[in-house]
Structures are given as structure tokens and as C-alpha cells.
Amino acid sequence: MNVVLVGHCTPDAFMLKSMVDRVLPGSEIHVSNDDDSLSAHGADESIWLVNRILDGAFSVGQSGLELIQSRIEAQPGARVALISDLEEHQRTAESLGAKPGFGKKGLYDEVSAERLRTLAAD
């Protein structure tokens, strides 16, 4: 399973990587902070865990929601989820076609782990 951590700062990417390693052992984890590194995963079946405010250099600027929208438009049904503790942004991401995501405060919650497992099973 490939998991791409999209637009996260180094400490957050480290915490997310630890969670993915725990919940989906054996996964190949990639960190992407720009369009070039993300393009390597544009047409594959990777899970994208997208930060709400992107850290890095993306053509959509800093909006993780815009990145999610462009991913879903390019590949309907793509396995992408928003990483944000703000429910209103989670609802917006899901309305764009994202799978249910979770926040950084919930990285050790079973609900978050189950959402990640569901992403992997889709």
C-alpha cells in the first residue's frame, strides 16, 4: 500500500508516518510538498492524506481542499482524505468526494485508525 502525506510540515509528517506505520504496517510512505513529487502518484492507487493548509509549493497555493477537488476531478473515486481537526472542513472535503478524514489530535484514536483502514480497503 502506498500512502502519500501531502503538504505536511516535517513534525506533522513524522507523526502521520508513525500512525500509518502502526495502522497499516508494511505500507510505503511518501512525503510530498510540491507538484513535482506529487505527480509521481497522480495516476496510481495511492492514498493521499492531504493537509488543510498545504506546506510547500503547490499550483493550487495553500488550499488542501482545492488540491482534493482537483484530485477527485482528475480521478473520480480516488482515495484521498483531509487531515484537519475542523469538522466544517471535513464536511467540505467529503462534499468534494474525499473519504472521511481525521485530525492530528486524533492520530491515536481508534476512529482515525479505522478511517485509515477503510481507505486502504477501498
# chains A, B, ... in the order shown; residues from 1 in each chain; ligands from 1
$ closest_atom_pairs --of "stretch 49-112 of chain A" --to "stretch 9-16 of chain A" --cutoff "12 Å" --atoms "only C-alpha atoms" --output "JSON lines"
{"residue": "A:Leu49", "atom": "CA", "partner": "A:Leu16", "partner_atom": "CA", "distance": 8.9}
{"residue": "A:Val50", "atom": "CA", "partner": "A:Ala13", "partner_atom": "CA", "distance": 10.6}
{"residue": "A:Asn51", "atom": "CA", "partner": "A:Cys9", "partner_atom": "CA", "distance": 9.2}
{"residue": "A:Arg52", "atom": "CA", "partner": "A:Cys9", "partner_atom": "CA", "distance": 11.7}
{"residue": "A:Ile53", "atom": "CA", "partner": "A:Cys9", "partner_atom": "CA", "distance": 10.1}
{"residue": "A:Leu54", "atom": "CA", "partner": "A:Cys9", "partner_atom": "CA", "distance": 8.5}
{"residue": "A:Asp55", "atom": "CA", "partner": "A:Cys9", "partner_atom": "CA", "distance": 5.8}
{"residue": "A:Gly56", "atom": "CA", "partner": "A:Cys9", "partner_atom": "CA", "distance": 8.2}
{"residue": "A:Ala57", "atom": "CA", "partner": "A:Cys9", "partner_atom": "CA", "distance": 12.0}
{"residue": "A:Ile83", "atom": "CA", "partner": "A:Leu16", "partner_atom": "CA", "distance": 9.5}
{"residue": "A:Ser84", "atom": "CA", "partner": "A:Asp12", "partner_atom": "CA", "distance": 11.5}
{"residue": "A:Phe102", "atom": "CA", "partner": "A:Leu16", "partner_atom": "CA", "distance": 11.0}
{"residue": "A:Gly103", "atom": "CA", "partner": "A:Leu16", "partner_atom": "CA", "distance": 10.2}
{"residue": "A:Lys104", "atom": "CA", "partner": "A:Asp12", "partner_atom": "CA", "distance": 7.9}
{"residue": "A:Lys105", "atom": "CA", "partner": "A:Met15", "partner_atom": "CA", "distance": 10.4}
{"residue": "A:Gly106", "atom": "CA", "partner": "A:Leu16", "partner_atom": "CA", "distance": 10.6}
{"residue": "A:Leu107", "atom": "CA", "partner": "A:Leu16", "partner_atom": "CA", "distance": 7.3}
{"residue": "A:Tyr108", "atom": "CA", "partner": "A:Met15", "partner_atom": "CA", "distance": 10.1}
{"residue": "A:Ser112", "atom": "CA", "partner": "A:Leu16", "partner_atom": "CA", "distance": 11.2}
$ write_last_selection --atoms "C-alpha atoms" --output "PDB file, in the first residue's frame"
ATOM      1  CA  LEU A  49      -3.625  12.272   3.254  1.00  0.00           C
ATOM      2  CA  VAL A  50      -3.910  15.980   2.489  1.00  0.00           C
ATOM      3  CA  ASN A  51      -3.226  18.788   4.937  1.00  0.00           C
ATOM      4  CA  ARG A  52      -5.882  21.520   5.074  1.00  0.00           C
ATOM      5  CA  ILE A  53      -3.289  24.266   4.705  1.00  0.00           C
ATOM      6  CA  LEU A  54      -0.555  22.967   2.443  1.00  0.00           C
ATOM      7  CA  ASP A  55       3.068  23.335   3.460  1.00  0.00           C
ATOM      8  CA  GLY A  56       5.152  23.539   0.308  1.00  0.00           C
ATOM      9  CA  ALA A  57       4.852  24.728  -3.277  1.00  0.00           C
ATOM     10  CA  ILE A  83      -6.200  15.835   7.679  1.00  0.00           C
ATOM     11  CA  SER A  84      -7.856  18.525   9.799  1.00  0.00           C
ATOM     12  CA  PHE A 102      -9.348  12.812  10.674  1.00  0.00           C
ATOM     13  CA  GLY A 103      -7.419  15.412  12.598  1.00  0.00           C
ATOM     14  CA  LYS A 104      -3.935  15.443  14.007  1.00  0.00           C
ATOM     15  CA  LYS A 105      -5.324  15.493  17.544  1.00  0.00           C
ATOM     16  CA  GLY A 106      -6.909  12.111  16.820  1.00  0.00           C
ATOM     17  CA  LEU A 107      -3.895  10.227  15.487  1.00  0.00           C
ATOM     18  CA  TYR A 108      -4.139   7.683  18.310  1.00  0.00           C
ATOM     19  CA  SER A 112      -8.991   7.628  12.971  1.00  0.00           C
TER      20      SER A 112
END
$ select_by_dssp --residues "chain A" --states "strand (DSSP E or B)" --output "ChimeraX atom specification"
/A:2-6,28-32,34,47-51,53,57,63,80-83,99-102
$ residues_around --residues "A:Ala40" --least-positions-apart "6" --cutoff "12 Å" --atoms "only C-alpha atoms" --output "PyMOL selection string"
chain A and resi 2+4+30-32+34+46
$ write_last_selection --atoms "C-alpha atoms" --output "CSV table (one decimal), in the first residue's frame"
chain,number,residue,atom,x,y,z
A,2,ASN,CA,1.3,3.4,-0.9
A,4,VAL,CA,1.3,9.9,0.3
A,30,HIS,CA,5.9,9.1,0.6
A,31,VAL,CA,6.1,12.8,1.6
A,32,SER,CA,5.1,15.4,-1.0
A,34,ASP,CA,5.3,20.2,-4.2
A,46,SER,CA,-2.1,5.7,-3.5
